[in-house]
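> What follows is work07.cif, mmCIF, C-alpha atoms.
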data_run
loop_
_atom_site.group_PDB
_atom_site.id
_atom_site.type_symbol
_atom_site.label_atom_id
_atom_site.label_comp_id
_atom_site.auth_asym_id
_atom_site.auth_seq_id
_atom_site.Cartn_x
_atom_site.Cartn_y
_atom_site.Cartn_z
ATOM 1 C CA MET Y 244 -48.235 -112.567 -155.243
ATOM 2 C CA GLU Y 245 -45.804 -109.890 -156.273
ATOM 3 C CA THR Y 246 -42.845 -108.172 -154.676
ATOM 4 C CA ASP Y 247 -40.959 -105.116 -155.856
ATOM 5 C CA ARG Y 248 -38.908 -107.131 -158.339
ATOM 6 C CA LEU Y 249 -40.625 -110.511 -158.613
ATOM 7 C CA ILE Y 250 -43.826 -112.231 -159.650
ATOM 8 C CA LEU Y 251 -44.664 -115.332 -157.604
ATOM 9 C CA ARG Y 252 -47.108 -117.361 -159.635
ATOM 10 C CA PRO Y 253 -48.472 -120.894 -159.952
ATOM 11 C CA TRP Y 254 -46.710 -123.418 -162.148
ATOM 12 C CA GLN Y 255 -47.542 -123.532 -165.848
ATOM 13 C CA GLU Y 256 -47.071 -126.426 -168.251
ATOM 14 C CA ASP Y 257 -44.258 -124.657 -170.073
ATOM 15 C CA ASP Y 258 -42.246 -124.322 -166.827
ATOM 16 C CA LEU Y 259 -41.044 -127.927 -167.019
ATOM 17 C CA ASP Y 260 -38.017 -127.166 -169.203
ATOM 18 C CA ASP Y 261 -36.954 -124.352 -166.852
ATOM 19 C CA LEU Y 262 -37.428 -126.595 -163.816
ATOM 20 C CA ALA Y 263 -35.464 -129.407 -165.451
ATOM 21 C CA ALA Y 264 -32.606 -127.041 -166.306
ATOM 22 C CA LEU Y 265 -32.559 -125.780 -162.709
ATOM 23 C CA CYS Y 266 -32.614 -129.258 -161.147
ATOM 24 C CA SER Y 267 -29.959 -130.675 -163.493
ATOM 25 C CA ASP Y 268 -27.411 -127.947 -162.742
ATOM 26 C CA PRO Y 269 -24.650 -129.458 -160.575
ATOM 27 C CA ASP Y 270 -23.905 -126.087 -158.944
ATOM 28 C CA VAL Y 271 -27.547 -125.493 -157.993
ATOM 29 C CA MET Y 272 -27.933 -129.070 -156.716
ATOM 30 C CA ARG Y 273 -24.613 -129.334 -154.866
ATOM 31 C CA HIS Y 274 -26.384 -129.358 -151.482
ATOM 32 C CA PHE Y 275 -28.881 -132.021 -152.552
ATOM 33 C CA PRO Y 276 -28.248 -135.769 -152.719
ATOM 34 C CA MET Y 277 -28.473 -135.869 -156.533
ATOM 35 C CA ILE Y 278 -29.091 -133.847 -159.644
ATOM 36 C CA MET Y 279 -32.360 -134.644 -161.378
ATOM 37 C CA SER Y 280 -32.922 -135.996 -164.841
ATOM 38 C CA TYR Y 281 -35.637 -134.490 -167.029
ATOM 39 C CA ASP Y 282 -38.008 -137.315 -166.073
ATOM 40 C CA GLN Y 283 -37.242 -136.848 -162.363
ATOM 41 C CA SER Y 284 -37.959 -133.118 -162.694
ATOM 42 C CA LYS Y 285 -41.237 -133.938 -164.431
ATOM 43 C CA ALA Y 286 -42.204 -136.291 -161.586
ATOM 44 C CA TYR Y 287 -41.161 -133.634 -159.053
ATOM 45 C CA LEU Y 288 -43.366 -131.049 -160.762
ATOM 46 C CA GLU Y 289 -46.294 -133.475 -160.733
ATOM 47 C CA LYS Y 290 -45.750 -133.977 -156.991
ATOM 48 C CA ILE Y 291 -45.626 -130.202 -156.416
ATOM 49 C CA LEU Y 292 -48.858 -129.696 -158.364
ATOM 50 C CA LYS Y 293 -50.608 -132.383 -156.303
ATOM 51 C CA LYS Y 294 -49.482 -130.591 -153.129
ATOM 52 C CA ARG Y 295 -50.988 -127.330 -154.409
ATOM 53 C CA VAL Y 296 -54.334 -129.113 -154.792
ATOM 54 C CA SER Y 297 -54.202 -131.031 -151.499
ATOM 55 C CA GLU Y 298 -52.587 -128.367 -149.298
ATOM 56 C CA GLY Y 299 -53.519 -125.135 -151.076
ATOM 57 C CA PHE Y 300 -49.893 -124.017 -151.493
ATOM 58 C CA CYS Y 301 -46.537 -125.265 -152.718
ATOM 59 C CA MET Y 302 -43.162 -123.987 -153.818
ATOM 60 C CA ASP Y 303 -44.001 -121.835 -156.833
ATOM 61 C CA PRO Y 304 -41.940 -120.216 -159.602
ATOM 62 C CA ILE Y 305 -40.496 -116.776 -159.223
ATOM 63 C CA ILE Y 306 -40.294 -114.611 -162.314
ATOM 64 C CA VAL Y 307 -38.088 -111.534 -162.567
ATOM 65 C CA LYS Y 308 -40.410 -108.641 -163.474
ATOM 66 C CA GLU Y 309 -37.809 -106.713 -165.443
ATOM 67 C CA THR Y 310 -36.845 -109.594 -167.752
ATOM 68 C CA GLY Y 311 -39.689 -112.126 -167.469
ATOM 69 C CA GLU Y 312 -37.124 -114.848 -166.766
ATOM 70 C CA PHE Y 313 -37.793 -117.907 -164.609
ATOM 71 C CA ALA Y 314 -35.424 -117.474 -161.655
ATOM 72 C CA GLY Y 315 -36.303 -120.614 -159.704
ATOM 73 C CA PHE Y 316 -38.900 -121.391 -157.074
ATOM 74 C CA VAL Y 317 -39.736 -120.385 -153.520
ATOM 75 C CA GLY Y 318 -42.619 -121.320 -151.285
ATOM 76 C CA LEU Y 319 -44.133 -123.279 -148.470
ATOM 77 C CA ASN Y 320 -44.305 -127.039 -148.154
ATOM 78 C CA ILE Y 321 -45.602 -129.636 -145.739
ATOM 79 C CA PRO Y 322 -42.781 -132.196 -145.756
ATOM 80 C CA ALA Y 323 -43.774 -135.806 -146.403
ATOM 81 C CA TYR Y 324 -40.955 -138.280 -145.954
ATOM 82 C CA LYS Y 325 -40.884 -142.033 -145.337
ATOM 83 C CA GLU Y 326 -40.426 -141.292 -141.628
ATOM 84 C CA PRO Y 327 -41.728 -138.202 -139.813
ATOM 85 C CA LEU Y 328 -39.385 -135.374 -138.978
ATOM 86 C CA PRO Y 329 -38.625 -134.966 -135.254
ATOM 87 C CA PHE Y 330 -40.495 -131.630 -135.262
ATOM 88 C CA ASP Y 331 -43.568 -132.716 -137.278
ATOM 89 C CA PRO Y 332 -46.143 -131.504 -137.958
ATOM 90 C CA CYS Y 333 -44.559 -128.512 -139.629
ATOM 91 C CA VAL Y 334 -44.610 -126.216 -142.621
ATOM 92 C CA GLU Y 335 -41.259 -125.422 -144.167
ATOM 93 C CA ILE Y 336 -40.155 -122.585 -146.367
ATOM 94 C CA GLY Y 337 -37.685 -123.363 -149.102
ATOM 95 C CA TRP Y 338 -36.130 -122.114 -152.308
ATOM 96 C CA ARG Y 339 -34.035 -123.157 -155.262
ATOM 97 C CA LEU Y 340 -32.706 -120.497 -157.635
ATOM 98 C CA HIS Y 341 -30.698 -120.454 -160.848
ATOM 99 C CA LYS Y 342 -27.082 -119.537 -160.213
ATOM 100 C CA LYS Y 343 -27.389 -116.629 -162.679
ATOM 101 C CA VAL Y 344 -29.590 -114.844 -160.102
ATOM 102 C CA TRP Y 345 -27.630 -115.759 -156.975
ATOM 103 C CA GLY Y 346 -26.601 -112.821 -154.816
ATOM 104 C CA LYS Y 347 -29.453 -110.547 -155.926
ATOM 105 C CA GLY Y 348 -31.619 -111.052 -152.840
ATOM 106 C CA TYR Y 349 -34.420 -112.781 -154.746
ATOM 107 C CA ALA Y 350 -34.669 -115.742 -152.341
ATOM 108 C CA THR Y 351 -35.061 -113.410 -149.357
ATOM 109 C CA GLU Y 352 -37.500 -111.135 -151.191
ATOM 110 C CA ALA Y 353 -39.743 -113.979 -152.339
ATOM 111 C CA ALA Y 354 -39.468 -115.847 -149.036
ATOM 112 C CA ASN Y 355 -40.590 -112.742 -147.139
ATOM 113 C CA ALA Y 356 -43.756 -112.683 -149.263
ATOM 114 C CA TRP Y 357 -44.340 -116.343 -148.493
ATOM 115 C CA LEU Y 358 -43.783 -115.784 -144.767
ATOM 116 C CA ARG Y 359 -46.439 -113.069 -144.851
ATOM 117 C CA PHE Y 360 -48.807 -115.454 -146.632
ATOM 118 C CA GLY Y 361 -48.059 -118.233 -144.148
ATOM 119 C CA PHE Y 362 -48.569 -116.118 -141.056
ATOM 120 C CA GLU Y 363 -51.333 -113.763 -142.211
ATOM 121 C CA THR Y 364 -53.389 -115.952 -144.558
ATOM 122 C CA LEU Y 365 -52.749 -119.477 -143.310
ATOM 123 C CA ASN Y 366 -52.410 -118.379 -139.657
ATOM 124 C CA LEU Y 367 -49.467 -120.707 -139.117
ATOM 125 C CA PRO Y 368 -47.946 -120.621 -135.627
ATOM 126 C CA GLU Y 369 -44.450 -121.362 -136.952
ATOM 127 C CA ILE Y 370 -42.515 -121.890 -140.170
ATOM 128 C CA VAL Y 371 -39.281 -123.885 -140.297
ATOM 129 C CA ALA Y 372 -36.404 -124.231 -142.745
ATOM 130 C CA PHE Y 373 -33.631 -126.781 -142.917
ATOM 131 C CA THR Y 374 -30.571 -127.639 -144.954
ATOM 132 C CA ILE Y 375 -27.228 -129.370 -144.657
ATOM 133 C CA PRO Y 376 -24.548 -127.653 -142.529
ATOM 134 C CA ALA Y 377 -22.403 -126.887 -145.597
ATOM 135 C CA ASN Y 378 -25.176 -124.832 -147.225
ATOM 136 C CA THR Y 379 -24.194 -121.579 -145.575
ATOM 137 C CA SER Y 380 -25.788 -119.471 -148.333
ATOM 138 C CA SER Y 381 -29.245 -120.799 -147.497
ATOM 139 C CA GLN Y 382 -28.532 -120.431 -143.791
ATOM 140 C CA ARG Y 383 -27.728 -116.751 -144.371
ATOM 141 C CA VAL Y 384 -31.082 -116.335 -146.146
ATOM 142 C CA MET Y 385 -32.798 -117.994 -143.181
ATOM 143 C CA GLU Y 386 -31.092 -115.559 -140.833
ATOM 144 C CA ARG Y 387 -32.024 -112.553 -143.013
ATOM 145 C CA LEU Y 388 -35.635 -113.761 -142.765
ATOM 146 C CA GLY Y 389 -35.362 -113.575 -138.976
ATOM 147 C CA MET Y 390 -35.240 -117.338 -138.502
ATOM 148 C CA ILE Y 391 -33.330 -118.641 -135.499
ATOM 149 C CA ARG Y 392 -31.120 -121.728 -135.534
ATOM 150 C CA ASP Y 393 -32.448 -124.457 -133.261
ATOM 151 C CA ILE Y 394 -29.252 -126.375 -132.517
ATOM 152 C CA ASP Y 395 -31.168 -128.885 -130.402
ATOM 153 C CA GLY Y 396 -33.456 -129.467 -133.383
ATOM 154 C CA ASP Y 397 -30.731 -130.511 -135.827
ATOM 155 C CA PHE Y 398 -31.597 -133.925 -137.248
ATOM 156 C CA GLN Y 399 -30.752 -136.768 -139.588
ATOM 157 C CA HIS Y 400 -32.797 -136.548 -142.793
ATOM 158 C CA PRO Y 401 -35.215 -139.500 -142.814
ATOM 159 C CA ASN Y 402 -34.807 -140.170 -146.549
ATOM 160 C CA LEU Y 403 -31.028 -140.551 -146.338
ATOM 161 C CA ALA Y 404 -28.902 -143.285 -144.793
ATOM 162 C CA LEU Y 405 -27.242 -142.279 -141.524
ATOM 163 C CA ASP Y 406 -23.809 -142.553 -143.144
ATOM 164 C CA HIS Y 407 -24.796 -140.425 -146.167
ATOM 165 C CA PRO Y 408 -22.634 -137.254 -146.290
ATOM 166 C CA MET Y 409 -25.795 -135.100 -146.512
ATOM 167 C CA SER Y 410 -27.882 -136.824 -143.881
ATOM 168 C CA GLN Y 411 -27.180 -134.289 -141.118
ATOM 169 C CA HIS Y 412 -29.452 -131.211 -141.314
ATOM 170 C CA VAL Y 413 -29.616 -127.954 -139.393
ATOM 171 C CA LEU Y 414 -32.990 -126.559 -138.356
ATOM 172 C CA TYR Y 415 -34.143 -122.934 -138.308
ATOM 173 C CA ARG Y 416 -37.455 -121.737 -136.871
ATOM 174 C CA LEU Y 417 -39.578 -118.596 -137.012
ATOM 175 C CA SER Y 418 -42.668 -118.207 -134.864
ATOM 176 C CA GLU Y 419 -45.598 -116.082 -135.927
ATOM 177 C CA LYS Y 420 -45.064 -113.932 -132.819
ATOM 178 C CA ALA Y 421 -41.386 -113.305 -133.625
ATOM 179 C CA TRP Y 422 -42.278 -112.531 -137.251
ATOM 180 C CA ARG Y 423 -44.934 -109.997 -136.205
ATOM 181 C CA THR Y 424 -42.491 -108.360 -133.765
ATOM 182 C CA SER Y 425 -39.848 -108.046 -136.491
ATOM 183 C CA MET Y 426 -42.437 -106.586 -138.890
ATOM 184 C CA GLN Y 427 -43.380 -103.951 -136.293
ATOM 185 C CA ASN Y 428 -39.732 -103.094 -135.706
ATOM 186 C CA ASP Y 429 -39.151 -102.697 -139.457
ATOM 187 C CA SER Y 430 -42.006 -100.188 -139.866
#
Go through the file and emit its structure as C-alpha coordinates.

Amino acid sequence: METDRLILRPWQEDDLDDLAALCSDPDVMRHFPMIMSYDQSKAYLEKILKKRVSEGFCMDPIIVKETGEFAGFVGLNIPAYKEPLPFDPCVEIGWRLHKKVWGKGYATEAANAWLRFGFETLNLPEIVAFTIPANTSSQRVMERLGMIRDIDGDFQHPNLALDHPMSQHVLYRLSEKAWRTSMQNDS
(Lines of atoms letter the chains of each structure in order from A and count residues from 1; the text may use other names and numbers.)
(Lines give C-alpha, C1' and ligand atoms only; values in the text may rest on other atoms or scores of the structure.)
Protein backbone atom coordinates (compact mmCIF):
# COMPACT_ATOMS: atom_id res chain seq x y z
CA MET A 1 0.00 0.00 0.00
CA GLU A 2 1.02 3.59 -0.48
CA THR A 3 -0.20 6.93 0.79
CA ASP A 4 0.78 10.40 -0.36
CA ARG A 5 3.96 10.37 1.71
CA LEU A 6 4.48 6.76 2.79
CA ILE A 7 5.11 3.26 1.51
CA LEU A 8 3.53 0.52 3.64
CA ARG A 9 5.33 -2.69 2.81
CA PRO A 10 5.99 -6.16 4.22
CA TRP A 11 8.93 -6.75 6.52
CA GLN A 12 12.32 -7.50 5.01
CA GLU A 13 15.26 -9.26 6.64
CA ASP A 14 17.28 -6.07 6.82
CA ASP A 15 14.53 -4.33 8.85
CA LEU A 16 15.63 -6.03 12.07
CA ASP A 17 18.23 -3.41 12.98
CA ASP A 18 15.68 -0.61 12.43
CA LEU A 19 13.08 -2.46 14.49
CA ALA A 20 15.58 -3.10 17.28
CA ALA A 21 16.57 0.58 17.35
CA LEU A 22 12.90 1.58 17.53
CA CYS A 23 12.02 -0.88 20.30
CA SER A 24 15.09 -0.06 22.41
CA ASP A 25 14.42 3.69 22.47
CA PRO A 26 13.20 4.62 25.97
CA ASP A 27 11.18 7.57 24.62
CA VAL A 28 9.38 5.43 22.02
CA MET A 29 8.73 2.66 24.56
CA ARG A 30 7.70 4.87 27.50
CA HIS A 31 4.08 3.67 27.26
CA PHE A 32 5.06 0.00 27.10
CA PRO A 33 6.04 -2.21 30.05
CA MET A 34 9.67 -2.52 28.90
CA ILE A 35 12.16 -1.60 26.23
CA MET A 36 13.28 -4.51 24.09
CA SER A 37 16.73 -5.94 23.67
CA TYR A 38 17.98 -6.85 20.20
CA ASP A 39 17.07 -10.50 20.80
CA GLN A 40 13.59 -9.54 22.03
CA SER A 41 13.07 -7.42 18.90
CA LYS A 42 14.19 -10.36 16.77
CA ALA A 43 11.69 -12.64 18.52
CA TYR A 44 8.99 -9.97 18.11
CA LEU A 45 9.69 -9.74 14.38
CA GLU A 46 9.49 -13.53 14.07
CA LYS A 47 6.10 -13.41 15.83
CA ILE A 48 4.89 -10.64 13.49
CA LEU A 49 5.98 -12.62 10.42
CA LYS A 50 4.12 -15.71 11.65
CA LYS A 51 0.98 -13.57 12.07
CA ARG A 52 1.30 -12.36 8.47
CA VAL A 53 1.28 -16.00 7.33
CA SER A 54 -1.50 -17.18 9.64
CA GLU A 55 -3.76 -14.11 9.52
CA GLY A 56 -2.84 -12.52 6.19
CA PHE A 57 -1.87 -9.18 7.76
CA CYS A 58 0.25 -7.72 10.53
CA MET A 59 1.79 -4.45 11.63
CA ASP A 60 4.11 -3.59 8.75
CA PRO A 61 6.91 -1.05 8.26
CA ILE A 62 6.23 2.41 6.99
CA ILE A 63 8.85 4.01 4.78
CA VAL A 64 9.00 7.74 4.10
CA LYS A 65 8.85 8.12 0.30
CA GLU A 66 10.94 11.28 0.19
CA THR A 67 13.89 9.87 2.16
CA GLY A 68 13.47 6.08 2.05
CA GLU A 69 13.84 5.99 5.84
CA PHE A 70 12.18 3.40 8.08
CA ALA A 71 9.77 5.45 10.21
CA GLY A 72 8.28 2.65 12.31
CA PHE A 73 5.34 0.32 11.82
CA VAL A 74 1.57 0.52 11.56
CA GLY A 75 -1.02 -2.12 10.87
CA LEU A 76 -3.68 -4.52 11.98
CA ASN A 77 -3.34 -7.29 14.52
CA ILE A 78 -5.46 -9.99 16.09
CA PRO A 79 -4.38 -9.80 19.74
CA ALA A 80 -3.31 -13.07 21.36
CA TYR A 81 -2.70 -12.81 25.08
CA LYS A 82 -2.59 -15.40 27.86
CA GLU A 83 -6.19 -14.47 28.70
CA PRO A 84 -8.77 -13.17 26.22
CA LEU A 85 -9.59 -9.49 26.10
CA PRO A 86 -13.08 -8.58 27.37
CA PHE A 87 -14.07 -7.55 23.82
CA ASP A 88 -12.59 -10.53 21.93
CA PRO A 89 -12.71 -11.51 19.18
CA CYS A 90 -11.31 -8.32 17.73
CA VAL A 91 -8.87 -6.80 15.29
CA GLU A 92 -6.81 -3.90 16.58
CA ILE A 93 -4.98 -1.17 14.77
CA GLY A 94 -1.69 -0.03 16.21
CA TRP A 95 1.49 1.88 15.51
CA ARG A 96 4.96 2.56 16.81
CA LEU A 97 7.04 5.32 15.23
CA HIS A 98 10.54 6.70 15.66
CA LYS A 99 10.53 9.92 17.65
CA LYS A 100 12.30 11.70 14.76
CA VAL A 101 9.04 11.47 12.78
CA TRP A 102 6.62 12.28 15.60
CA GLY A 103 4.23 15.13 14.88
CA LYS A 104 4.28 14.70 11.09
CA GLY A 105 0.95 12.88 10.84
CA TYR A 106 2.50 9.63 9.60
CA ALA A 107 0.67 7.42 12.13
CA THR A 108 -2.70 8.85 11.10
CA GLU A 109 -1.87 8.69 7.39
CA ALA A 110 -0.73 5.07 7.50
CA ALA A 111 -3.50 4.02 9.88
CA ASN A 112 -6.13 5.46 7.53
CA ALA A 113 -4.77 3.22 4.77
CA TRP A 114 -4.97 0.24 7.09
CA LEU A 115 -8.53 1.11 8.12
CA ARG A 116 -9.51 1.15 4.45
CA PHE A 117 -7.86 -2.25 3.99
CA GLY A 118 -9.58 -3.63 7.08
CA PHE A 119 -13.05 -2.43 6.16
CA GLU A 120 -12.95 -2.74 2.36
CA THR A 121 -10.74 -5.80 1.82
CA LEU A 122 -11.16 -7.81 5.01
CA ASN A 123 -14.79 -6.71 5.50
CA LEU A 124 -14.26 -6.26 9.23
CA PRO A 125 -17.31 -5.05 11.17
CA GLU A 126 -15.16 -3.13 13.66
CA ILE A 127 -11.56 -2.20 14.43
CA VAL A 128 -10.39 -1.33 17.94
CA ALA A 129 -7.37 0.41 19.44
CA PHE A 130 -6.15 0.56 23.00
CA THR A 131 -3.39 2.07 25.08
CA ILE A 132 -2.65 3.22 28.61
CA PRO A 133 -4.43 6.38 29.83
CA ALA A 134 -1.17 8.37 29.90
CA ASN A 135 -0.57 7.82 26.17
CA THR A 136 -2.54 10.85 25.07
CA SER A 137 -0.61 11.15 21.78
CA SER A 138 -1.91 7.79 20.59
CA GLN A 139 -5.38 8.63 21.86
CA ARG A 140 -5.32 11.79 19.72
CA VAL A 141 -4.41 9.67 16.68
CA MET A 142 -7.32 7.35 17.48
CA GLU A 143 -9.65 10.33 17.62
CA ARG A 144 -8.30 11.75 14.33
CA LEU A 145 -9.09 8.35 12.79
CA GLY A 146 -12.70 8.76 13.90
CA MET A 147 -12.45 6.20 16.69
CA ILE A 148 -14.69 6.69 19.71
CA ARG A 149 -13.62 6.07 23.30
CA ASP A 150 -15.59 3.26 24.90
CA ILE A 151 -15.28 4.18 28.58
CA ASP A 152 -17.26 1.10 29.59
CA GLY A 153 -14.78 -1.00 27.61
CA ASP A 154 -11.66 0.13 29.48
CA PHE A 155 -9.86 -2.92 30.84
CA GLN A 156 -6.92 -4.39 32.70
CA HIS A 157 -4.31 -5.75 30.28
CA PRO A 158 -4.27 -9.55 30.66
CA ASN A 159 -0.48 -9.81 30.35
CA LEU A 160 0.19 -7.41 33.22
CA ALA A 161 -0.34 -7.80 36.95
CA LEU A 162 -3.31 -5.84 38.30
CA ASP A 163 -0.98 -3.64 40.35
CA HIS A 164 1.33 -2.91 37.38
CA PRO A 165 1.33 0.86 36.64
CA MET A 166 0.48 0.14 32.97
CA SER A 167 -2.17 -2.49 33.48
CA GLN A 168 -5.14 -0.14 32.99
CA HIS A 169 -5.99 0.42 29.30
CA VAL A 170 -8.47 2.65 27.49
CA LEU A 171 -10.43 1.27 24.55
CA TYR A 172 -11.38 3.02 21.31
CA ARG A 173 -13.68 1.56 18.66
CA LEU A 174 -14.57 2.27 15.04
CA SER A 175 -17.36 0.41 13.29
CA GLU A 176 -17.35 -0.18 9.56
CA LYS A 177 -20.61 1.78 9.32
CA ALA A 178 -19.17 4.81 11.15
CA TRP A 179 -16.02 4.64 9.01
CA ARG A 180 -18.05 4.58 5.77
CA THR A 181 -20.17 7.52 6.98
CA SER A 182 -17.05 9.55 7.79
CA MET A 183 -15.56 8.70 4.38
CA GLN A 184 -18.73 9.95 2.66
CA ASN A 185 -18.68 13.15 4.70
CA ASP A 186 -15.02 13.75 3.78
CA SER A 187 -15.69 13.50 0.02
> One decimal, Å: what's the distance from CA of Leu265 in chain Y over to CA of Lys325 in chain Y, could you say?
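If I compute the distance from CA of Leu265 in chain Y to CA of Lys325 in chain Y, I get 25.2 Å.
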> Any idea what's packed within 8 Å of Met390 in chain Y, counting all atoms listed in the file, ignoring anything in its chain fewer than 4 positions away? Could you give it as a ChimeraX atom specification?
/Y:371,385-386,415-417
> Could you save those same residues with C-alpha atoms as a short mmCIF file (atom, residue, chain, number, x, y, z; two decimals), keeping the file's coordinate frame?

data_model
loop_
_atom_site.label_atom_id
_atom_site.label_comp_id
_atom_site.auth_asym_id
_atom_site.auth_seq_id
_atom_site.Cartn_x
_atom_site.Cartn_y
_atom_site.Cartn_z
CA VAL Y 371 -39.28 -123.88 -140.30
CA MET Y 385 -32.80 -117.99 -143.18
CA GLU Y 386 -31.09 -115.56 -140.83
CA TYR Y 415 -34.14 -122.93 -138.31
CA ARG Y 416 -37.46 -121.74 -136.87
CA LEU Y 417 -39.58 -118.60 -137.01
#
> Can you build me a table of range 253-289 of chain Y residues sitting at most 10 Å from range 308-314 of chain Y, with the closest atom pair per residue and its distance in Å to one decimal, using only C-alpha atoms, sorted by chain and residue number, as a Markdown table?

| residue | atom | partner | partner_atom | distance |
| --- | --- | --- | --- | --- |
| Y:Asp258 | CA | Y:Phe313 | CA | 8.1 |
| Y:Asp261 | CA | Y:Phe313 | CA | 6.9 |
| Y:Leu262 | CA | Y:Phe313 | CA | 8.7 |
| Y:Leu265 | CA | Y:Ala314 | CA | 8.8 |
> Using only C-alpha atoms, please write the residues we just selected to a file, as an mmCIF file, in the frame of the given file.

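What landed in part.cif:
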data_model
loop_
_atom_site.group_PDB
_atom_site.id
_atom_site.type_symbol
_atom_site.label_atom_id
_atom_site.label_comp_id
_atom_site.auth_asym_id
_atom_site.auth_seq_id
_atom_site.Cartn_x
_atom_site.Cartn_y
_atom_site.Cartn_z
ATOM 1 C CA ASP Y 258 -42.246 -124.322 -166.827
ATOM 2 C CA ASP Y 261 -36.954 -124.352 -166.852
ATOM 3 C CA LEU Y 262 -37.428 -126.595 -163.816
ATOM 4 C CA LEU Y 265 -32.559 -125.780 -162.709
#
> Nearest to Leu249 in chain Y among Y:Gly315, Y:Pro376, Y:Gly361, Y:Gly299, with distances taken over all atoms listed in the file: which residue is it?
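That would be Y:Gly315, the residue with the smallest distance to Leu249 in chain Y.
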> Can you pull out the residues contacting Ile321 in chain Y? Cut-off 9 Å, using all atoms listed in the file, and skip same-chain residues under 3 positions away; I want them as a count of residues only.
8
